[in-house]
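*Asks:* Before I ask anything, here is the structure I am working with.
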Amino acid sequence: MNAGKKTEIRDLARTFVARLLDIAGGGNAAVALHEPEFSGAEWELVKDCLDSGWVSSVGKYVDRFESEIAQRCGARHGIAVVNGTAALHVALIVSGVRPGDEVIVPALTFVATANAAVHAGAVPHFADSAADTLGLDPAALRDYLTKIADRRCGSCINAETGRRIAAIVPMHAFGHPVDMDGLLALGADFDLPVIEDAAESLGSLYKGGPCGALGRIGALSFNGNKIITTGGGGAIVTNDPDLARQVKHLTTTAKTPHRWAFNHDQVGYNYRLPNINAALGCAQLARLEDLVARKRRLAERYFVGFADCEGLAVFREPAFATSNYWLNAVMLDEDRVSERDTLLAAANDAGLMCRPAWTLLHRLPMYRSCPRAALPVAEAIEARLINIPSSAKLAS
């Protein structure tokens with residue numbers, strides 16, 4: 001590498017760090033990528049659980065949280081569970097995914113999306129992303145399925161493996177909604193249920209409607225790094241009462257109702273969210289609109305702050321969406337991808353926690369042999385994207 005190129009790389013790294021410090025702060029204190037905020041009734045509601053003794057999987061806050069999370073997602077039913085992976089696992093099962101099936105998931109997603117399919121006994125089948133959403137590309141997936149899928153008696157069979165393709169699981173990456181209409185149309189044409197992985201998108205809107213229940217069933221996460229948190233937790237939301245009943249039954253160890261007897265009619269899961277976590281979630285949900293508004297203000301500051309920065313640009317929500325900007329991201333220009341790790345090192349050395357996108361799932365050792373489409377867009381995003389500090393308090 002010549003001296004001029006080295007200087008150019010150092011200049012971009014210095015500019016990147018300087019503008020992050022100007023917008024996100026820093027100095028002597030490290031700046032997290034995303035951290036929770038407790039400034040409402042969290043102490044009060046959690047203390048009420050402790051005072052009452054109702055801290056486990058039954059209690060008024062579980063019922064309240066389930067009702068409120070359903071409402072926030074535009075769904076009739078919400079079932080709270082211990083984490084987002086559990087939510088997605090059970091959503092897959094009640095949607096008909098069986099051992100030996102394949103499940104279409106994005107290659108660019110957190111590993112839990114694929115793990116949930118494996119927990120259900122299925123095989124992840126990786127598909128490409130769209131540059132404008134970072135999520136599954138309906139057009140590319142349609143072309144791919146047209147080439148490799150056979151339709152037999154209402155089933156979609158992968159002609160290359162002989163396995164049934166049982167579902168499509170789009171994920172709203174970093175809070176940005178995917179093209180759900182395109183994916184739902186694709187699912188209808190190929191007899192595939194669309195299971196919405198909304199783990200990162202609570203508070204985001206797709207064409208004016210909330211994410212979560214845009215399809216028949218969706219899964220959410222309330223991990224400590226999400227826009228609201230229950231400490232650890234998740235939820236399944238749906239408008240289908242039959243699915244809701246199945247989910248509630250399976251996540252409560254498939255126990256049949258009785259005043260004292262312990263009878264179970266199938267293999268279930270001990271996945272119910274404790275009341276103490278739900279209490280925290282109720283307090284957090286009351287502040288969701290404020291959190292989204294401040295995160296969107298932070299995103300706007302990044303747009304302005306990096307507007308004239310040569311070599312990279314801040315990622316913007318797709319035209320049809322109003323994103324919660326769970327994690328903001330910059331995208332390096334295509335001719336600057338070799339500088340990604342230099343920028344990451346410079347930012348983290350300055351106390352600014354920045355991260356690359358997830359390693360594409362087909363590169364992970366346990367998933368290297370899984371079926372996959374061509375992944376040119378996902379590979380380009382992986383090479384170019386850097387997540388930058390995104391806590392709501394940075395816009396306060």
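Residue numbers start at 1 in each chain; chains themselves are named A, B, ... in the order of the structure tokens; ligands are numbered from 1 in the order shown.
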Could you list, as a list in words, every residue within 10 Å of A:Leu21, counting only C-alpha atoms and ignoring same-chain residues fewer than 6 positions away?
*Replies:*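 The filter keeps Thr15, Gly27, Val31, Ala347, Ala350, Gly351 and Leu352 of chain A.
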*Asks:* Write out, as a short mmCIF file (atom, residue, chain, number, x, y, z; two decimals), in the first residue's frame, the residues just selected, with C-alpha atoms.
*Replies:*
data_model
loop_
_atom_site.label_atom_id
_atom_site.label_comp_id
_atom_site.auth_asym_id
_atom_site.auth_seq_id
_atom_site.Cartn_x
_atom_site.Cartn_y
_atom_site.Cartn_z
CA THR A 15 -13.12 11.91 10.38
CA GLY A 27 -14.56 11.89 26.22
CA VAL A 31 -20.24 5.06 24.65
CA ALA A 347 -13.78 4.01 17.02
CA ALA A 350 -11.76 6.03 21.26
CA GLY A 351 -14.37 4.43 23.54
CA LEU A 352 -17.10 4.41 20.90
#
*Asks:* Quick one: everything within 10 Å of A:Thr133, counting only C-alpha atoms, minus sequence neighbours fewer than 5 positions away in the same chain. Send it as a VMD selection string.
*Replies:* chain A and resid 172 to 179 315 to 321
*Asks:* Atoms to include: all heavy atoms. Write the selected residues as a CSV table (one decimal), in the first residue's frame.
*Replies:*
chain,number,residue,atom,x,y,z
A,172,HIS,N,-36.6,-8.0,10.3
A,172,HIS,CA,-36.4,-6.6,10.1
A,172,HIS,C,-35.1,-6.1,10.7
A,172,HIS,O,-35.0,-5.7,11.9
A,172,HIS,CB,-37.6,-5.8,10.8
A,172,HIS,CG,-38.9,-6.3,10.4
A,172,HIS,ND1,-39.4,-6.2,9.1
A,172,HIS,CD2,-39.9,-6.8,11.1
A,172,HIS,CE1,-40.6,-6.7,9.0
A,172,HIS,NE2,-41.0,-7.0,10.2
A,173,ALA,N,-34.0,-6.1,9.9
A,173,ALA,CA,-32.7,-5.9,10.3
A,173,ALA,C,-32.5,-4.5,10.9
A,173,ALA,O,-32.8,-3.5,10.2
A,173,ALA,CB,-31.7,-6.1,9.2
A,174,PHE,N,-32.0,-4.4,12.1
A,174,PHE,CA,-31.7,-3.2,12.8
A,174,PHE,C,-32.9,-2.3,13.0
A,174,PHE,O,-32.8,-1.1,13.2
A,174,PHE,CB,-30.5,-2.4,12.1
A,174,PHE,CG,-29.3,-3.3,11.9
A,174,PHE,CD1,-28.8,-3.5,10.6
A,174,PHE,CD2,-28.7,-4.0,12.9
A,174,PHE,CE1,-27.7,-4.3,10.4
A,174,PHE,CE2,-27.7,-4.9,12.7
A,174,PHE,CZ,-27.1,-5.0,11.4
A,175,GLY,N,-34.1,-2.9,12.9
A,175,GLY,CA,-35.3,-2.1,13.0
A,175,GLY,C,-36.0,-1.7,11.7
A,175,GLY,O,-37.1,-1.1,11.8
A,176,HIS,N,-35.3,-1.9,10.6
A,176,HIS,CA,-35.8,-1.4,9.3
A,176,HIS,C,-36.8,-2.5,8.7
A,176,HIS,O,-36.3,-3.6,8.4
A,176,HIS,CB,-34.7,-1.1,8.4
A,176,HIS,CG,-33.7,-0.1,8.9
A,176,HIS,ND1,-34.1,1.2,9.2
A,176,HIS,CD2,-32.4,-0.2,9.2
A,176,HIS,CE1,-33.0,1.8,9.7
A,176,HIS,NE2,-32.0,1.0,9.7
A,177,PRO,N,-38.1,-2.1,8.5
A,177,PRO,CA,-39.0,-3.1,7.9
A,177,PRO,C,-38.6,-3.6,6.5
A,177,PRO,O,-38.2,-2.8,5.7
A,177,PRO,CB,-40.3,-2.3,7.9
A,177,PRO,CG,-40.2,-1.3,9.0
A,177,PRO,CD,-38.7,-0.9,8.9
A,178,VAL,N,-38.8,-4.9,6.3
A,178,VAL,CA,-38.6,-5.5,5.0
A,178,VAL,C,-39.9,-5.3,4.1
A,178,VAL,O,-40.9,-4.8,4.6
A,178,VAL,CB,-38.3,-7.0,5.1
A,178,VAL,CG1,-37.0,-7.2,5.9
A,178,VAL,CG2,-39.5,-7.8,5.6
A,179,ASP,N,-39.8,-5.7,2.9
A,179,ASP,CA,-41.0,-5.6,2.0
A,179,ASP,C,-41.9,-6.7,2.3
A,179,ASP,O,-41.9,-7.8,1.6
A,179,ASP,CB,-40.5,-5.6,0.5
A,179,ASP,CG,-41.6,-5.6,-0.5
A,179,ASP,OD1,-42.8,-5.4,0.0
A,179,ASP,OD2,-41.4,-5.6,-1.7
A,315,PHE,N,-27.1,4.8,6.8
A,315,PHE,CA,-28.2,4.1,6.2
A,315,PHE,C,-29.5,4.7,6.5
A,315,PHE,O,-29.7,5.0,7.7
A,315,PHE,CB,-28.2,2.6,6.6
A,315,PHE,CG,-29.2,1.8,5.9
A,315,PHE,CD1,-29.0,1.2,4.7
A,315,PHE,CD2,-30.4,1.5,6.6
A,315,PHE,CE1,-30.0,0.5,4.1
A,315,PHE,CE2,-31.4,0.8,6.0
A,315,PHE,CZ,-31.2,0.3,4.7
A,316,ARG,N,-30.4,4.9,5.6
A,316,ARG,CA,-31.7,5.4,5.8
A,316,ARG,C,-32.8,4.4,5.6
A,316,ARG,O,-32.7,3.5,4.9
A,316,ARG,CB,-32.0,6.6,4.8
A,316,ARG,CG,-31.3,7.9,5.1
A,316,ARG,CD,-31.6,8.9,4.1
A,316,ARG,NE,-31.0,10.2,4.3
A,316,ARG,CZ,-31.5,11.2,5.1
A,316,ARG,NH1,-32.7,11.0,5.6
A,316,ARG,NH2,-30.8,12.3,5.3
A,317,GLU,N,-33.9,4.6,6.4
A,317,GLU,CA,-35.0,3.7,6.3
A,317,GLU,C,-35.6,3.6,4.9
A,317,GLU,O,-35.4,4.5,4.1
A,317,GLU,CB,-36.1,4.1,7.2
A,317,GLU,CG,-36.7,5.5,6.8
A,317,GLU,CD,-37.5,6.2,7.9
A,317,GLU,OE1,-37.6,5.7,9.0
A,317,GLU,OE2,-37.9,7.4,7.6
A,318,PRO,N,-36.1,2.4,4.5
A,318,PRO,CA,-36.8,2.3,3.2
A,318,PRO,C,-37.9,3.3,3.0
A,318,PRO,O,-38.5,3.7,4.0
A,318,PRO,CB,-37.2,0.9,3.1
A,318,PRO,CG,-37.2,0.4,4.5
A,318,PRO,CD,-36.2,1.2,5.2
A,319,ALA,N,-38.3,3.6,1.8
A,319,ALA,CA,-39.3,4.7,1.5
A,319,ALA,C,-40.6,4.3,2.1
A,319,ALA,O,-41.4,5.2,2.5
A,319,ALA,CB,-39.4,4.9,0.0
A,320,PHE,N,-41.0,3.1,2.3
A,320,PHE,CA,-42.3,2.7,2.7
A,320,PHE,C,-42.4,2.5,4.3
A,320,PHE,O,-43.4,2.1,4.8
A,320,PHE,CB,-42.8,1.3,2.1
A,320,PHE,CG,-41.8,0.2,2.2
A,320,PHE,CD1,-41.5,-0.4,3.4
A,320,PHE,CD2,-41.1,-0.2,1.1
A,320,PHE,CE1,-40.5,-1.4,3.5
A,320,PHE,CE2,-40.2,-1.3,1.1
A,320,PHE,CZ,-39.9,-1.8,2.4
A,321,ALA,N,-41.3,2.9,5.0
A,321,ALA,CA,-41.2,2.5,6.4
A,321,ALA,C,-40.9,3.7,7.2
A,321,ALA,O,-40.4,4.8,6.8
A,321,ALA,CB,-40.1,1.5,6.6
*Asks:* Looking at A:Ala185, A:Leu343, A:Ala120, A:Leu285, which one is nearest to A:Ala13, with distances taken over only C-alpha atoms?
*Replies:* A:Leu343
*Asks:* Select from stretch 131-374 of chain A everything DSSP, run on the backbone, classes as helix (DSSP H, G or I), then give the selection as a compact mmCIF listing (two decimals) with N, CA, C and O atoms, in the first residue's frame.
*Replies:*
# COMPACT_ATOMS: atom_id res chain seq x y z
N PRO A 138 -37.73 -10.01 -1.79
CA PRO A 138 -38.78 -10.86 -2.35
C PRO A 138 -38.55 -11.21 -3.82
O PRO A 138 -38.83 -12.33 -4.23
N ALA A 139 -38.04 -10.26 -4.61
CA ALA A 139 -37.84 -10.52 -6.03
C ALA A 139 -36.75 -11.57 -6.25
O ALA A 139 -36.92 -12.51 -7.03
N ALA A 140 -35.64 -11.43 -5.56
CA ALA A 140 -34.56 -12.40 -5.69
C ALA A 140 -35.00 -13.77 -5.19
O ALA A 140 -34.68 -14.80 -5.80
N LEU A 141 -35.78 -13.80 -4.10
CA LEU A 141 -36.24 -15.07 -3.55
C LEU A 141 -37.24 -15.73 -4.49
O LEU A 141 -37.23 -16.96 -4.67
N ARG A 142 -38.09 -14.94 -5.11
CA ARG A 142 -39.05 -15.51 -6.08
C ARG A 142 -38.32 -16.15 -7.25
O ARG A 142 -38.65 -17.28 -7.66
N ASP A 143 -37.34 -15.45 -7.79
CA ASP A 143 -36.57 -16.02 -8.90
C ASP A 143 -35.89 -17.32 -8.48
O ASP A 143 -35.88 -18.31 -9.23
N TYR A 144 -35.36 -17.33 -7.29
CA TYR A 144 -34.64 -18.51 -6.80
C TYR A 144 -35.58 -19.69 -6.59
O TYR A 144 -35.30 -20.82 -7.04
N LEU A 145 -36.71 -19.45 -5.91
CA LEU A 145 -37.65 -20.54 -5.67
C LEU A 145 -38.25 -21.07 -6.98
O LEU A 145 -38.51 -22.28 -7.10
N THR A 146 -38.44 -20.19 -7.94
CA THR A 146 -38.97 -20.63 -9.23
C THR A 146 -38.02 -21.64 -9.88
O THR A 146 -38.45 -22.59 -10.55
N LYS A 147 -36.74 -21.48 -9.63
CA LYS A 147 -35.74 -22.37 -10.22
C LYS A 147 -35.58 -23.68 -9.44
O LYS A 147 -35.36 -24.74 -10.06
N ILE A 148 -35.70 -23.64 -8.12
CA ILE A 148 -35.32 -24.83 -7.34
C ILE A 148 -36.51 -25.54 -6.68
O ILE A 148 -36.33 -26.63 -6.11
N ALA A 173 -34.04 -6.11 9.85
CA ALA A 173 -32.67 -5.89 10.33
C ALA A 173 -32.48 -4.49 10.89
O ALA A 173 -32.79 -3.49 10.23
N PHE A 174 -32.00 -4.43 12.12
CA PHE A 174 -31.69 -3.19 12.83
C PHE A 174 -32.90 -2.28 12.97
O PHE A 174 -32.77 -1.07 13.17
N GLY A 175 -34.10 -2.88 12.86
CA GLY A 175 -35.35 -2.14 13.02
C GLY A 175 -35.97 -1.67 11.74
O GLY A 175 -37.07 -1.10 11.76
N MET A 180 -42.76 -6.54 3.31
CA MET A 180 -43.64 -7.63 3.73
C MET A 180 -44.70 -7.96 2.69
O MET A 180 -45.06 -9.14 2.53
N ASP A 181 -45.22 -6.98 1.96
CA ASP A 181 -46.23 -7.29 0.94
C ASP A 181 -45.65 -8.22 -0.11
O ASP A 181 -46.30 -9.19 -0.53
N GLY A 182 -44.43 -7.94 -0.53
CA GLY A 182 -43.79 -8.81 -1.52
C GLY A 182 -43.56 -10.21 -0.99
O GLY A 182 -43.77 -11.20 -1.71
N LEU A 183 -43.18 -10.32 0.26
CA LEU A 183 -42.94 -11.64 0.85
C LEU A 183 -44.23 -12.40 1.12
O LEU A 183 -44.30 -13.61 0.93
N LEU A 184 -45.26 -11.68 1.55
CA LEU A 184 -46.56 -12.35 1.77
C LEU A 184 -47.14 -12.85 0.46
O LEU A 184 -47.73 -13.94 0.40
N ALA A 185 -46.99 -12.07 -0.61
CA ALA A 185 -47.47 -12.53 -1.92
C ALA A 185 -46.68 -13.75 -2.37
O ALA A 185 -47.25 -14.72 -2.91
N LEU A 186 -45.39 -13.72 -2.15
CA LEU A 186 -44.54 -14.87 -2.50
C LEU A 186 -44.95 -16.09 -1.69
O LEU A 186 -45.06 -17.20 -2.24
N GLY A 187 -45.18 -15.91 -0.39
CA GLY A 187 -45.62 -17.02 0.44
C GLY A 187 -46.92 -17.62 -0.04
O GLY A 187 -47.08 -18.86 -0.07
N ALA A 188 -47.86 -16.77 -0.43
CA ALA A 188 -49.14 -17.27 -0.92
C ALA A 188 -48.96 -18.06 -2.21
O ALA A 188 -49.59 -19.11 -2.41
N ASP A 189 -48.10 -17.60 -3.08
CA ASP A 189 -47.89 -18.27 -4.37
C ASP A 189 -47.20 -19.62 -4.22
O ASP A 189 -47.40 -20.52 -5.03
N PRO A 241 -56.85 -16.73 16.61
CA PRO A 241 -57.11 -17.25 17.97
C PRO A 241 -56.68 -18.69 18.15
O PRO A 241 -56.24 -19.08 19.25
N ASP A 242 -56.76 -19.51 17.10
CA ASP A 242 -56.32 -20.90 17.22
C ASP A 242 -54.82 -21.00 17.44
O ASP A 242 -54.34 -21.78 18.28
N LEU A 243 -54.05 -20.19 16.68
CA LEU A 243 -52.61 -20.18 16.88
C LEU A 243 -52.26 -19.68 18.28
O LEU A 243 -51.37 -20.22 18.94
N ALA A 244 -52.98 -18.66 18.74
CA ALA A 244 -52.72 -18.11 20.07
C ALA A 244 -52.94 -19.17 21.14
O ALA A 244 -52.14 -19.29 22.09
N ARG A 245 -54.01 -19.94 21.01
CA ARG A 245 -54.27 -21.00 22.00
C ARG A 245 -53.19 -22.06 21.97
O ARG A 245 -52.73 -22.54 23.03
N GLN A 246 -52.75 -22.43 20.77
CA GLN A 246 -51.67 -23.43 20.67
C GLN A 246 -50.38 -22.91 21.30
O GLN A 246 -49.70 -23.65 22.03
N VAL A 247 -50.06 -21.66 21.03
CA VAL A 247 -48.84 -21.07 21.59
C VAL A 247 -48.90 -21.03 23.11
O VAL A 247 -47.94 -21.43 23.79
N LYS A 248 -50.02 -20.58 23.64
CA LYS A 248 -50.15 -20.48 25.10
C LYS A 248 -50.01 -21.87 25.74
O LYS A 248 -49.35 -22.03 26.78
N HIS A 249 -50.60 -22.86 25.10
CA HIS A 249 -50.56 -24.22 25.64
C HIS A 249 -49.13 -24.78 25.59
O HIS A 249 -48.61 -25.29 26.59
N LEU A 250 -48.48 -24.66 24.44
CA LEU A 250 -47.13 -25.21 24.29
C LEU A 250 -46.12 -24.53 25.22
O LEU A 250 -45.23 -25.18 25.75
N ASN A 275 -43.49 -12.90 35.92
CA ASN A 275 -44.23 -11.68 36.22
C ASN A 275 -43.29 -10.50 36.50
O ASN A 275 -43.57 -9.36 36.10
N ILE A 276 -42.16 -10.76 37.15
CA ILE A 276 -41.24 -9.68 37.49
C ILE A 276 -40.63 -9.07 36.23
O ILE A 276 -40.41 -7.86 36.16
N ASN A 277 -40.36 -9.90 35.22
CA ASN A 277 -39.87 -9.38 33.95
C ASN A 277 -40.96 -8.61 33.21
O ASN A 277 -40.70 -7.58 32.59
N ALA A 278 -42.18 -9.14 33.29
CA ALA A 278 -43.29 -8.46 32.63
C ALA A 278 -43.56 -7.10 33.24
O ALA A 278 -43.93 -6.15 32.54
N ALA A 279 -43.38 -6.98 34.56
CA ALA A 279 -43.56 -5.68 35.22
C ALA A 279 -42.58 -4.66 34.65
O ALA A 279 -42.95 -3.51 34.36
N LEU A 280 -41.32 -5.07 34.48
CA LEU A 280 -40.33 -4.19 33.87
C LEU A 280 -40.77 -3.81 32.46
O LEU A 280 -40.68 -2.63 32.06
N GLY A 281 -41.30 -4.78 31.72
CA GLY A 281 -41.75 -4.52 30.36
C GLY A 281 -42.90 -3.55 30.30
O GLY A 281 -42.97 -2.71 29.39
N CYS A 282 -43.84 -3.64 31.23
CA CYS A 282 -44.98 -2.72 31.25
C CYS A 282 -44.50 -1.27 31.42
O CYS A 282 -44.99 -0.36 30.75
N ALA A 283 -43.55 -1.08 32.33
CA ALA A 283 -43.02 0.26 32.55
C ALA A 283 -42.27 0.75 31.31
O ALA A 283 -42.37 1.93 30.93
N GLN A 284 -41.54 -0.13 30.65
CA GLN A 284 -40.81 0.25 29.45
C GLN A 284 -41.75 0.59 28.29
O GLN A 284 -41.55 1.57 27.57
N LEU A 285 -42.79 -0.21 28.13
CA LEU A 285 -43.72 0.02 27.03
C LEU A 285 -44.39 1.38 27.12
O LEU A 285 -44.71 1.99 26.09
N LEU A 288 -42.44 3.81 25.05
CA LEU A 288 -41.99 3.40 23.72
C LEU A 288 -42.00 4.56 22.73
O LEU A 288 -41.03 4.75 21.97
N GLU A 289 -43.07 5.34 22.68
CA GLU A 289 -43.15 6.42 21.70
C GLU A 289 -42.01 7.42 21.90
O GLU A 289 -41.42 7.92 20.94
N ASP A 290 -41.71 7.74 23.16
CA ASP A 290 -40.62 8.66 23.44
C ASP A 290 -39.29 8.09 23.00
O ASP A 290 -38.44 8.79 22.42
N LEU A 291 -39.08 6.80 23.27
CA LEU A 291 -37.82 6.17 22.87
C LEU A 291 -37.66 6.18 21.36
O LEU A 291 -36.58 6.50 20.84
N VAL A 292 -38.72 5.85 20.63
CA VAL A 292 -38.65 5.85 19.17
C VAL A 292 -38.37 7.26 18.65
O VAL A 292 -37.53 7.46 17.76
N ALA A 293 -39.06 8.25 19.22
CA ALA A 293 -38.88 9.63 18.77
C ALA A 293 -37.43 10.08 18.96
O ALA A 293 -36.84 10.72 18.08
N ARG A 294 -36.85 9.76 20.12
CA ARG A 294 -35.47 10.18 20.37
C ARG A 294 -34.49 9.42 19.49
O ARG A 294 -33.48 9.99 19.03
N LYS A 295 -34.75 8.15 19.23
CA LYS A 295 -33.86 7.39 18.36
C LYS A 295 -33.93 7.91 16.92
O LYS A 295 -32.92 7.94 16.22
N ARG A 296 -35.10 8.36 16.52
CA ARG A 296 -35.21 8.93 15.18
C ARG A 296 -34.50 10.30 15.12
O ARG A 296 -33.92 10.65 14.09
N ARG A 297 -34.54 11.06 16.22
CA ARG A 297 -33.79 12.32 16.25
C ARG A 297 -32.29 12.05 16.16
O ARG A 297 -31.56 12.78 15.49
N LEU A 298 -31.85 11.01 16.85
CA LEU A 298 -30.43 10.65 16.78
C LEU A 298 -30.04 10.28 15.35
O LEU A 298 -28.98 10.70 14.84
N ALA A 299 -30.89 9.49 14.69
CA ALA A 299 -30.61 9.14 13.29
C ALA A 299 -30.50 10.38 12.43
O ALA A 299 -29.59 10.49 11.58
N GLU A 300 -31.37 11.36 12.64
CA GLU A 300 -31.32 12.60 11.86
C GLU A 300 -30.01 13.34 12.13
O GLU A 300 -29.41 13.92 11.21
N ARG A 301 -29.55 13.33 13.36
CA ARG A 301 -28.26 13.97 13.66
C ARG A 301 -27.12 13.29 12.91
O ARG A 301 -26.20 13.95 12.42
N TYR A 302 -27.20 11.97 12.81
CA TYR A 302 -26.18 11.25 12.05
C TYR A 302 -26.27 11.60 10.57
O TYR A 302 -25.23 11.78 9.91
N PHE A 303 -27.48 11.71 10.02
CA PHE A 303 -27.61 12.07 8.60
C PHE A 303 -26.93 13.41 8.33
O PHE A 303 -26.18 13.56 7.36
N VAL A 304 -27.21 14.38 9.20
CA VAL A 304 -26.65 15.71 9.03
C VAL A 304 -25.14 15.69 9.27
O VAL A 304 -24.36 16.26 8.49
N GLY A 305 -24.73 15.03 10.34
CA GLY A 305 -23.32 15.04 10.72
C GLY A 305 -22.40 14.37 9.72
O GLY A 305 -21.23 14.74 9.60
N GLU A 334 -18.27 1.35 -1.92
CA GLU A 334 -17.78 0.06 -2.37
C GLU A 334 -16.25 0.01 -2.50
O GLU A 334 -15.64 -1.04 -2.30
N ASP A 335 -15.64 1.16 -2.83
CA ASP A 335 -14.18 1.16 -2.99
C ASP A 335 -13.44 1.40 -1.68
O ASP A 335 -12.22 1.52 -1.66
N ARG A 336 -14.20 1.42 -0.54
CA ARG A 336 -13.56 1.64 0.76
C ARG A 336 -13.76 0.46 1.72
O ARG A 336 -13.49 0.59 2.92
N VAL A 337 -14.25 -0.66 1.21
CA VAL A 337 -14.57 -1.77 2.11
C VAL A 337 -13.35 -2.30 2.85
O VAL A 337 -13.45 -2.81 3.97
N SER A 338 -12.19 -2.17 2.26
CA SER A 338 -10.98 -2.66 2.91
C SER A 338 -10.64 -1.87 4.17
O SER A 338 -9.81 -2.30 4.98
N GLU A 339 -11.30 -0.73 4.36
CA GLU A 339 -11.02 0.15 5.50
C GLU A 339 -11.95 -0.11 6.69
O GLU A 339 -11.81 0.55 7.73
N ARG A 340 -12.89 -1.04 6.54
CA ARG A 340 -13.88 -1.25 7.59
C ARG A 340 -13.24 -1.51 8.95
O ARG A 340 -13.57 -0.86 9.94
N ASP A 341 -12.33 -2.44 9.02
CA ASP A 341 -11.75 -2.82 10.31
C ASP A 341 -10.86 -1.71 10.88
O ASP A 341 -10.74 -1.59 12.11
N THR A 342 -10.28 -0.89 10.01
CA THR A 342 -9.51 0.26 10.49
C THR A 342 -10.43 1.25 11.20
O THR A 342 -10.10 1.77 12.28
N LEU A 343 -11.61 1.50 10.63
CA LEU A 343 -12.58 2.40 11.26
C LEU A 343 -13.12 1.80 12.56
O LEU A 343 -13.27 2.51 13.56
N LEU A 344 -13.37 0.50 12.55
CA LEU A 344 -13.86 -0.16 13.76
C LEU A 344 -12.83 -0.06 14.88
O LEU A 344 -13.17 0.23 16.04
N ALA A 345 -11.58 -0.30 14.56
CA ALA A 345 -10.53 -0.23 15.57
C ALA A 345 -10.38 1.19 16.11
O ALA A 345 -10.27 1.40 17.33
N ALA A 346 -10.41 2.18 15.22
CA ALA A 346 -10.25 3.58 15.65
C ALA A 346 -11.39 4.00 16.56
O ALA A 346 -11.18 4.67 17.58
N ALA A 347 -12.63 3.63 16.21
CA ALA A 347 -13.78 4.01 17.02
C ALA A 347 -13.74 3.34 18.39
O ALA A 347 -13.94 3.99 19.42
N ASN A 348 -13.47 2.05 18.42
CA ASN A 348 -13.44 1.34 19.70
C ASN A 348 -12.27 1.80 20.56
O ASN A 348 -12.39 1.87 21.79
N ASP A 349 -11.15 2.14 19.94
CA ASP A 349 -10.02 2.69 20.69
C ASP A 349 -10.39 4.02 21.36
O ASP A 349 -9.86 4.36 22.42
N LEU A 361 -24.57 -16.11 8.02
CA LEU A 361 -24.78 -17.38 8.72
C LEU A 361 -24.19 -18.57 7.98
O LEU A 361 -23.78 -19.55 8.61
N HIS A 362 -24.14 -18.51 6.66
CA HIS A 362 -23.59 -19.66 5.94
C HIS A 362 -22.08 -19.78 6.13
O HIS A 362 -21.49 -20.81 5.78
N ARG A 363 -21.44 -18.77 6.73
CA ARG A 363 -20.01 -18.84 7.02
C ARG A 363 -19.73 -19.49 8.38
O ARG A 363 -18.58 -19.85 8.66
N PRO A 365 -19.54 -22.33 11.24
CA PRO A 365 -19.20 -23.74 11.02
C PRO A 365 -20.39 -24.67 11.03
O PRO A 365 -20.44 -25.63 10.25
N MET A 366 -21.38 -24.42 11.88
CA MET A 366 -22.52 -25.35 11.97
C MET A 366 -23.49 -25.19 10.81
O MET A 366 -24.38 -26.03 10.62
N TYR A 367 -23.34 -24.12 10.01
CA TYR A 367 -24.30 -23.87 8.93
C TYR A 367 -23.67 -23.86 7.53
O TYR A 367 -24.33 -23.52 6.55
*Asks:* What does the structure give for the distance between atom CA of A:Ser323 and atom CA of A:Lys226, in Å to one decimal?
*Replies:*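 That distance, rounded to one decimal, is 13.8 Å.
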*Asks:* Set the distance at 9 Å and use only C-alpha atoms: which residues neighbour stretch 376-388 of chain A once local chain neighbours fewer than 4 positions away are removed? I'd like the list as number ranges by chain.
*Replies:* A: 20, 32-34, 106-108, 127-131, 134-135, 174, 312, 315, 327-334, 336-338, 340, 343-344, 352-360
*Asks:* Between atom CA of A:Asn263 and atom CA of A:Ala80, measure the distance and give it in Å to one decimal.
*Replies:*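 Separation of atom CA of A:Asn263 and atom CA of A:Ala80: 22.2 Å.
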*Asks:* Can you pull out the residues contacting A:Asn239? Cut-off 8 Å, using only C-alpha atoms, and skip same-chain residues under 2 positions away; I want them as a PyMOL selection string.
*Replies:* chain A and resi 75-77+213+216-217+237+241+244
*Asks:* Residues of the last selection are to be written out with N, CA and C atoms, as a short mmCIF file (atom, residue, chain, number, x, y, z; two decimals), in the first residue's frame.
*Replies:*
data_model
loop_
_atom_site.label_atom_id
_atom_site.label_comp_id
_atom_site.auth_asym_id
_atom_site.auth_seq_id
_atom_site.Cartn_x
_atom_site.Cartn_y
_atom_site.Cartn_z
N ALA A 75 -52.07 -6.53 16.93
CA ALA A 75 -52.52 -7.93 16.97
C ALA A 75 -53.61 -8.10 18.01
N ARG A 76 -54.39 -9.16 17.86
CA ARG A 76 -55.44 -9.47 18.85
C ARG A 76 -54.88 -10.24 20.04
N HIS A 77 -53.78 -10.95 19.82
CA HIS A 77 -53.26 -11.84 20.86
C HIS A 77 -51.75 -11.67 21.02
N ALA A 213 -47.27 -8.14 13.56
CA ALA A 213 -48.42 -8.95 13.14
C ALA A 213 -48.79 -8.67 11.68
N ARG A 216 -49.24 -13.87 9.54
CA ARG A 216 -50.13 -14.63 10.41
C ARG A 216 -49.60 -14.71 11.84
N ILE A 217 -48.27 -14.63 12.00
CA ILE A 217 -47.67 -14.76 13.33
C ILE A 217 -46.30 -14.08 13.32
N VAL A 237 -46.96 -12.75 18.69
CA VAL A 237 -48.19 -12.00 18.44
C VAL A 237 -48.88 -12.57 17.20
N PRO A 241 -56.85 -16.73 16.61
CA PRO A 241 -57.11 -17.25 17.97
C PRO A 241 -56.68 -18.69 18.15
N ALA A 244 -52.98 -18.66 18.74
CA ALA A 244 -52.72 -18.11 20.07
C ALA A 244 -52.94 -19.17 21.14
#
*Asks:* Assign secondary structure with DSSP using the backbone only, and return the residues of stretch 66-102 of chain A in strand (DSSP E or B) as number ranges by chain.
*Replies:* A: 77-81, 102
*Asks:* Skip stretch 152-166 of chain A itself and residues of its chain fewer than 4 positions away, then list as a list of chain:residue names all residues within 7 Å of it, counting only C-alpha atoms.
*Replies:*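 Once the nearby chain positions are removed, what remains is A:Val97, A:Gly100, A:Asp101, A:Glu102, A:Val103, A:Ile148, A:Phe190, A:Asp191, A:Leu192.
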